[in-house]
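**Student:** What follows is work_19.txt; its format and atoms are compact mmCIF, C-alpha atoms.
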```
# COMPACT_ATOMS: atom_id res chain seq x y z
CA MET A 1 38.47 166.54 129.16
CA SER A 2 42.24 166.02 129.08
CA ARG A 3 43.92 162.93 127.71
CA THR A 4 46.86 161.16 129.28
CA VAL A 5 50.13 160.92 127.38
CA GLU A 6 52.68 158.48 128.72
CA LEU A 7 56.32 159.27 128.01
CA PHE A 8 58.65 156.30 128.47
CA TYR A 9 62.14 157.76 128.60
CA ASP A 10 65.75 157.31 129.55
CA VAL A 11 68.06 160.27 130.18
CA LEU A 12 70.65 158.53 128.01
CA SER A 13 68.48 159.25 124.97
CA PRO A 14 68.72 162.71 123.42
CA TYR A 15 65.56 162.07 121.40
CA SER A 16 63.73 161.34 124.66
CA TRP A 17 64.90 164.71 125.98
CA LEU A 18 63.55 166.48 122.92
CA GLY A 19 60.17 164.76 123.28
CA PHE A 20 60.14 165.43 127.02
CA GLU A 21 60.72 169.16 126.56
CA ILE A 22 58.10 169.48 123.83
CA LEU A 23 55.50 167.63 125.91
CA CYS A 24 56.33 169.61 129.06
CA ARG A 25 56.21 172.87 127.11
CA TYR A 26 52.85 172.26 125.44
CA LYS A 27 50.95 169.98 127.83
CA SER A 28 48.66 172.74 129.06
CA ILE A 29 48.07 174.10 125.55
CA TRP A 30 47.32 170.60 124.24
CA ASN A 31 45.24 169.83 127.35
CA VAL A 32 47.10 166.61 128.17
CA HIS A 33 48.11 165.04 131.42
CA LEU A 34 51.75 164.02 131.01
CA GLN A 35 52.67 160.80 132.78
CA LEU A 36 56.45 160.49 132.96
CA ARG A 37 57.61 156.85 132.92
CA PRO A 38 61.33 156.39 133.62
CA SER A 39 62.49 153.27 131.77
CA LEU A 40 65.74 151.68 130.68
CA ILE A 41 66.78 152.20 127.07
CA ALA A 42 69.14 149.21 127.23
CA GLY A 43 66.21 146.93 128.09
CA ILE A 44 64.11 148.34 125.26
CA MET A 45 66.99 147.92 122.80
CA LYS A 46 67.48 144.33 123.91
CA ASP A 47 63.77 143.51 123.68
CA SER A 48 63.40 145.07 120.23
CA GLY A 49 66.55 143.48 118.87
CA ASN A 50 67.69 146.92 117.84
CA LYS A 51 71.21 148.34 118.01
CA PRO A 52 72.05 151.82 119.22
CA PRO A 53 72.08 154.19 116.23
CA ALA A 54 75.61 155.28 117.12
CA LEU A 55 76.89 151.81 116.25
CA LEU A 56 75.53 151.94 112.71
CA PRO A 57 77.63 154.31 110.54
CA ARG A 58 74.79 155.81 108.49
CA LYS A 59 72.52 156.25 111.49
CA ALA A 60 75.38 157.68 113.54
CA LYS A 61 76.06 160.33 110.90
CA TYR A 62 72.37 161.21 110.70
CA LEU A 63 71.98 161.19 114.49
CA THR A 64 74.74 163.73 114.95
CA SER A 65 73.32 166.30 112.56
CA ASP A 66 69.68 165.57 113.41
CA ILE A 67 70.13 166.03 117.14
CA LYS A 68 72.08 169.25 116.65
CA LEU A 69 69.41 170.74 114.36
CA LEU A 70 66.49 169.61 116.51
CA GLY A 71 68.15 170.99 119.64
CA GLN A 72 68.53 174.37 117.95
CA HIS A 73 64.98 174.33 116.62
CA ILE A 74 63.43 173.40 119.97
CA GLN A 75 65.90 175.65 121.83
CA ILE A 76 67.45 172.97 124.01
CA PRO A 77 71.19 173.30 124.76
CA LEU A 78 72.09 169.86 123.40
CA GLN A 79 75.78 168.96 123.04
CA PHE A 80 77.16 165.48 122.49
CA PRO A 81 79.37 164.19 125.31
CA LYS A 82 83.05 164.24 124.37
CA ASP A 83 83.36 160.50 124.96
CA PHE A 84 79.96 159.72 123.43
CA LEU A 85 80.39 155.99 122.83
CA SER A 86 81.74 155.39 126.32
CA VAL A 87 78.84 157.32 127.85
CA ILE A 88 76.13 155.43 126.01
CA LEU A 89 77.70 151.98 125.69
CA GLU A 90 79.85 151.54 128.79
CA LYS A 91 78.63 153.88 131.50
CA GLY A 92 74.92 153.70 130.73
CA SER A 93 72.15 155.12 132.87
CA LEU A 94 71.10 152.37 135.28
CA LEU A 95 71.68 154.28 138.53
CA ALA A 96 70.17 157.48 137.11
CA MET A 97 67.04 155.65 135.95
CA ARG A 98 66.71 153.80 139.25
CA PHE A 99 67.01 157.15 141.01
CA LEU A 100 64.29 158.66 138.81
CA THR A 101 62.13 155.62 139.53
CA ALA A 102 62.59 156.23 143.26
CA VAL A 103 61.75 159.92 142.76
CA ASN A 104 58.60 158.91 140.89
CA LEU A 105 57.57 156.55 143.70
CA GLU A 106 58.32 158.90 146.60
CA HIS A 107 58.25 162.49 145.29
CA PRO A 108 56.60 162.48 141.84
CA VAL A 109 56.23 166.27 141.87
CA MET A 110 60.04 166.46 141.51
CA LEU A 111 60.33 164.01 138.62
CA GLU A 112 60.23 166.57 135.82
CA LYS A 113 62.91 168.81 137.36
CA VAL A 114 65.26 165.99 138.35
CA SER A 115 64.90 164.31 134.95
CA ARG A 116 65.71 167.59 133.19
CA GLU A 117 68.75 168.15 135.37
CA LEU A 118 70.11 164.67 134.61
CA TRP A 119 69.62 165.31 130.89
CA MET A 120 71.41 168.66 131.28
CA ARG A 121 74.33 166.95 132.96
CA VAL A 122 74.92 164.36 130.26
CA TRP A 123 73.66 166.14 127.11
CA SER A 124 74.47 169.77 127.77
CA ARG A 125 77.37 170.01 130.23
CA ASP A 126 79.12 166.67 129.52
CA GLU A 127 78.94 165.70 133.20
CA ASP A 128 78.61 162.29 134.78
CA ILE A 129 75.26 160.65 135.64
CA THR A 130 76.60 157.30 136.86
CA GLU A 131 78.21 158.08 140.21
CA PRO A 132 76.19 158.61 143.39
CA GLN A 133 77.68 162.09 143.94
CA SER A 134 76.63 163.09 140.41
CA ILE A 135 73.07 161.94 141.05
CA LEU A 136 72.98 163.85 144.33
CA ALA A 137 74.32 167.00 142.64
CA ALA A 138 71.62 166.77 139.96
CA ALA A 139 68.87 166.27 142.53
CA GLU A 140 70.06 169.22 144.61
CA LYS A 141 70.31 171.46 141.56
CA ALA A 142 66.73 170.47 140.72
CA GLY A 143 65.61 171.70 144.16
CA MET A 144 65.68 168.58 146.27
CA SER A 145 67.28 168.68 149.71
CA ARG A 146 70.49 166.70 150.25
CA GLU A 147 68.78 164.52 152.84
CA GLN A 148 65.82 163.80 150.59
CA ALA A 149 68.10 162.97 147.64
CA GLN A 150 70.33 160.77 149.80
CA GLY A 151 67.31 158.85 151.04
CA LEU A 152 66.14 158.23 147.48
CA LEU A 153 69.63 157.23 146.38
CA GLU A 154 69.66 154.60 149.12
CA LYS A 155 66.39 153.20 147.74
CA THR A 156 67.88 152.61 144.26
CA SER A 157 69.12 149.18 145.34
CA THR A 158 65.80 148.04 146.82
CA PRO A 159 63.68 145.38 145.16
CA GLN A 160 60.76 147.84 144.97
CA VAL A 161 62.71 150.32 142.82
CA LYS A 162 64.43 147.66 140.72
CA ASN A 163 61.15 145.88 140.03
CA GLN A 164 59.33 149.11 139.20
CA LEU A 165 61.97 150.11 136.66
CA LYS A 166 61.85 146.63 135.13
CA GLU A 167 58.04 146.69 134.97
CA THR A 168 57.98 150.14 133.38
CA THR A 169 60.57 149.09 130.80
CA GLU A 170 58.55 145.95 130.04
CA ALA A 171 55.41 148.09 129.67
CA ALA A 172 57.23 150.23 127.10
CA CYS A 173 58.20 147.09 125.22
CA LYS A 174 54.60 145.82 125.25
CA TYR A 175 53.55 149.03 123.52
CA GLY A 176 55.88 148.03 120.73
CA THR A 177 58.50 150.65 121.47
CA SER A 178 61.52 150.33 119.21
CA ILE A 179 64.15 152.94 119.86
CA GLY A 180 66.52 153.97 117.12
CA SER A 181 64.77 152.32 114.20
```
Translate the structure of the given file into structure tokens.
**Tutor:**
Amino acid sequence: MSRTVELFYDVLSPYSWLGFEILCRYKSIWNVHLQLRPSLIAGIMKDSGNKPPALLPRKAKYLTSDIKLLGQHIQIPLQFPKDFLSVILEKGSLLAMRFLTAVNLEHPVMLEKVSRELWMRVWSRDEDITEPQSILAAAEKAGMSREQAQGLLEKTSTPQVKNQLKETTEAACKYGTSIGS
């Protein structure tokens, strides 16, 4: 009998990407059903009272070397964005995470591929994940048709998608999630 493992994640988090890839890689070996749960790291940080590790000098130094070493060990092409602080603190991931929420609601079979492609954009190729055209490019590269991706992008501003992302983020917080501690 397989167990269910829920992964609450945000494509803005490199540690989430590492966990995502390990779980995707070994889910059949470990006999687990992986339930991907797009959530918003900013909401989790706010709820936990935590600050992003990049804003704390000692954690920032550790984060840089840790992520590099883990990426090499797990064989994930992880590279920090050139304008790292702007990417994580100013640009954020709201549209990307709303898009992934819409994907999960409408085409859950595509969630893994689209999530991976968004991570690749921000953490491997230093590409944008905040503009609609960037989201569409990621979805298409993941195998989604332009029309399908455009339809999902239009749903990112609906109450259904916004509420689902909020509820999933709140569920992560109820589990006691504390990112960056």
**Student:** Nearest to Leu18 of chain A among A:Gln133, A:Gln75, A:Thr158, A:Thr101, with distances taken over only C-alpha atoms: which residue is it?
**Tutor:**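 Checking each candidate against Leu18 of chain A, we get A:Gln75 as the closest.
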**Student:** Give me the residues near segment 7-15 of chain A as a list in words, where near means some atom within 8 Å (using all atoms listed in the file) and where sequence neighbours in that chain fewer than 3 positions away do not count.
**Tutor:**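 Selected residues are Leu18, Gly19, Phe20, Leu34, Gln35, Leu36, Arg37, Pro38, Ser39, Leu40, Ile41, Ile67, Leu78, Ile88, Gly92, Ser93, Ala96, Met97, Ser115, Leu118, Trp119, Val122, Trp123, Thr168, Thr169 and Ala172 of chain A.
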**Student:** Which is closer to Arg116 of chain A than all the others in A:Cys24, A:Ile29, A:Leu70, A:Leu56, using only C-alpha atoms?
**Tutor:**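 Using only C-alpha atoms, Arg116 of chain A sits closest to A:Cys24.
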**Student:** By how many Å are atom CA of Met110 of chain A and atom CA of Ile74 of chain A apart?
**Tutor:** 22.9 Å
**Student:** Please, what distance in Å, to one decimal, runs between atom CA of Asp126 of chain A and atom CA of Arg98 of chain A?
**Tutor:** 20.4 Å
**Student:** Axis-aligned box over every listed atom of segment 7-12 of chain A, padded by 3 Å per side: centre and edges in Å to one decimal, as JSON?
**Tutor:**
```
{"center_x": 63.5, "center_y": 158.3, "center_z": 129.1, "size_x": 20.3, "size_y": 10.0, "size_z": 8.2}
```
**Student:** Please measure the separation of atom CA of Ala171 of chain A and atom CA of Glu6 of chain A, giving the value in Å to one decimal.
**Tutor:** 10.8 Å
**Student:** Nearest to Thr156 of chain A: which of A:Leu105, A:Met120, A:Leu55, A:Leu111 is it, counting all atoms listed in the file?
**Tutor:**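 Looking only at the distances to Thr156 of chain A, the closest residue turns out to be A:Leu105.
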**Student:** Have a look at A:Phe84, A:Tyr175, A:Phe99, A:Tyr26 and name the one nearest to Gln148 of chain A; count all atoms listed in the file.
**Tutor:**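 Among A:Phe84, A:Tyr175, A:Phe99, A:Tyr26, it is A:Phe99 that comes nearest to Gln148 of chain A.
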**Student:** Pick out the closest residue to Arg125 of chain A from this set: A:Pro81, A:Lys166, A:Glu154, A:Glu106. Count all atoms listed in the file.
**Tutor:**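 For Arg125 of chain A, the nearest of the given residues is A:Pro81.
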**Student:** Which residue is closest to Leu95 of chain A? Choose from A:Ser65, A:Ser2, A:Thr130, A:Ser16 and count all atoms listed in the file.
**Tutor:**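 Nearest to Leu95 of chain A: A:Thr130.
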**Student:** Save segment 47-77 of chain A to a file: N, CA, C and O atoms, as a short mmCIF file (atom, residue, chain, number, x, y, z; two decimals), in the first residue's frame.
**Tutor:**
```cif
data_model
loop_
_atom_site.label_atom_id
_atom_site.label_comp_id
_atom_site.auth_asym_id
_atom_site.auth_seq_id
_atom_site.Cartn_x
_atom_site.Cartn_y
_atom_site.Cartn_z
N ASP A 47 3.40 34.13 7.80
CA ASP A 47 2.72 33.39 8.86
C ASP A 47 3.69 32.90 9.93
O ASP A 47 3.38 32.92 11.12
N SER A 48 4.86 32.47 9.51
CA SER A 48 5.84 31.91 10.46
C SER A 48 6.65 32.99 11.17
O SER A 48 7.36 32.70 12.13
N GLY A 49 6.56 34.22 10.67
CA GLY A 49 7.36 35.29 11.26
C GLY A 49 8.82 35.19 10.88
O GLY A 49 9.68 35.81 11.52
N ASN A 50 9.10 34.41 9.87
CA ASN A 50 10.47 34.18 9.45
C ASN A 50 10.88 35.18 8.38
O ASN A 50 10.04 35.74 7.68
N LYS A 51 12.17 35.40 8.23
CA LYS A 51 12.71 36.26 7.18
C LYS A 51 13.39 35.37 6.16
O LYS A 51 13.93 34.33 6.49
N PRO A 52 13.39 35.81 4.90
CA PRO A 52 14.12 35.05 3.89
C PRO A 52 15.59 34.90 4.29
O PRO A 52 16.20 35.87 4.74
N PRO A 53 16.15 33.71 4.14
CA PRO A 53 17.54 33.48 4.53
C PRO A 53 18.52 34.46 3.87
O PRO A 53 19.52 34.81 4.46
N ALA A 54 18.19 34.91 2.66
CA ALA A 54 19.09 35.82 1.95
C ALA A 54 19.24 37.17 2.65
O ALA A 54 20.19 37.90 2.38
N LEU A 55 18.32 37.50 3.53
CA LEU A 55 18.39 38.77 4.24
C LEU A 55 19.20 38.70 5.52
O LEU A 55 19.47 39.71 6.15
N LEU A 56 19.58 37.50 5.91
CA LEU A 56 20.36 37.31 7.13
C LEU A 56 21.78 36.89 6.71
O LEU A 56 21.96 35.83 6.11
N PRO A 57 22.79 37.72 6.98
CA PRO A 57 24.13 37.49 6.44
C PRO A 57 24.68 36.08 6.61
O PRO A 57 25.21 35.50 5.66
N ARG A 58 24.57 35.50 7.78
CA ARG A 58 25.12 34.15 7.99
C ARG A 58 24.34 33.11 7.20
O ARG A 58 24.92 32.19 6.62
N LYS A 59 23.04 33.24 7.19
CA LYS A 59 22.22 32.29 6.43
C LYS A 59 22.44 32.47 4.93
O LYS A 59 22.46 31.50 4.19
N ALA A 60 22.61 33.71 4.50
CA ALA A 60 22.84 33.97 3.08
C ALA A 60 24.13 33.31 2.60
O ALA A 60 24.17 32.71 1.53
N LYS A 61 25.17 33.42 3.41
CA LYS A 61 26.45 32.80 3.06
C LYS A 61 26.30 31.28 2.98
O LYS A 61 26.78 30.64 2.05
N TYR A 62 25.63 30.71 3.97
CA TYR A 62 25.41 29.27 3.98
C TYR A 62 24.53 28.84 2.81
O TYR A 62 24.83 27.85 2.14
N LEU A 63 23.47 29.58 2.57
CA LEU A 63 22.54 29.26 1.48
C LEU A 63 23.27 29.15 0.15
O LEU A 63 23.06 28.20 -0.60
N THR A 64 24.13 30.09 -0.12
CA THR A 64 24.84 30.11 -1.40
C THR A 64 25.67 28.84 -1.61
O THR A 64 25.57 28.20 -2.65
N SER A 65 26.45 28.48 -0.62
CA SER A 65 27.29 27.29 -0.79
C SER A 65 26.47 26.00 -0.69
O SER A 65 26.72 25.04 -1.42
N ASP A 66 25.49 25.98 0.19
CA ASP A 66 24.66 24.79 0.38
C ASP A 66 23.88 24.44 -0.89
O ASP A 66 23.88 23.29 -1.33
N ILE A 67 23.26 25.44 -1.47
CA ILE A 67 22.46 25.20 -2.68
C ILE A 67 23.36 24.72 -3.83
O ILE A 67 23.00 23.80 -4.57
N LYS A 68 24.52 25.33 -3.96
CA LYS A 68 25.45 24.92 -5.02
C LYS A 68 25.85 23.45 -4.84
O LYS A 68 25.80 22.66 -5.78
N LEU A 69 26.25 23.08 -3.63
CA LEU A 69 26.68 21.70 -3.36
C LEU A 69 25.53 20.70 -3.52
O LEU A 69 25.71 19.63 -4.11
N LEU A 70 24.36 21.04 -3.00
CA LEU A 70 23.22 20.13 -3.13
C LEU A 70 22.81 19.96 -4.58
O LEU A 70 22.48 18.85 -5.02
N GLY A 71 22.83 21.04 -5.35
CA GLY A 71 22.51 20.95 -6.77
C GLY A 71 23.44 20.00 -7.50
O GLY A 71 23.02 19.19 -8.32
N GLN A 72 24.74 20.10 -7.19
CA GLN A 72 25.72 19.20 -7.81
C GLN A 72 25.48 17.76 -7.38
O GLN A 72 25.51 16.85 -8.20
N HIS A 73 25.24 17.56 -6.09
CA HIS A 73 25.04 16.21 -5.56
C HIS A 73 23.79 15.54 -6.16
O HIS A 73 23.82 14.37 -6.51
N ILE A 74 22.73 16.30 -6.28
CA ILE A 74 21.47 15.75 -6.78
C ILE A 74 21.39 15.82 -8.31
O ILE A 74 20.48 15.30 -8.92
N GLN A 75 22.38 16.48 -8.92
CA GLN A 75 22.48 16.62 -10.36
C GLN A 75 21.32 17.45 -10.93
O GLN A 75 20.63 17.05 -11.87
N ILE A 76 21.16 18.62 -10.33
CA ILE A 76 20.18 19.60 -10.80
C ILE A 76 20.96 20.85 -11.19
O ILE A 76 21.79 21.33 -10.42
N PRO A 77 20.72 21.38 -12.38
CA PRO A 77 21.51 22.52 -12.87
C PRO A 77 21.11 23.84 -12.21
O PRO A 77 20.53 24.73 -12.81
#
```
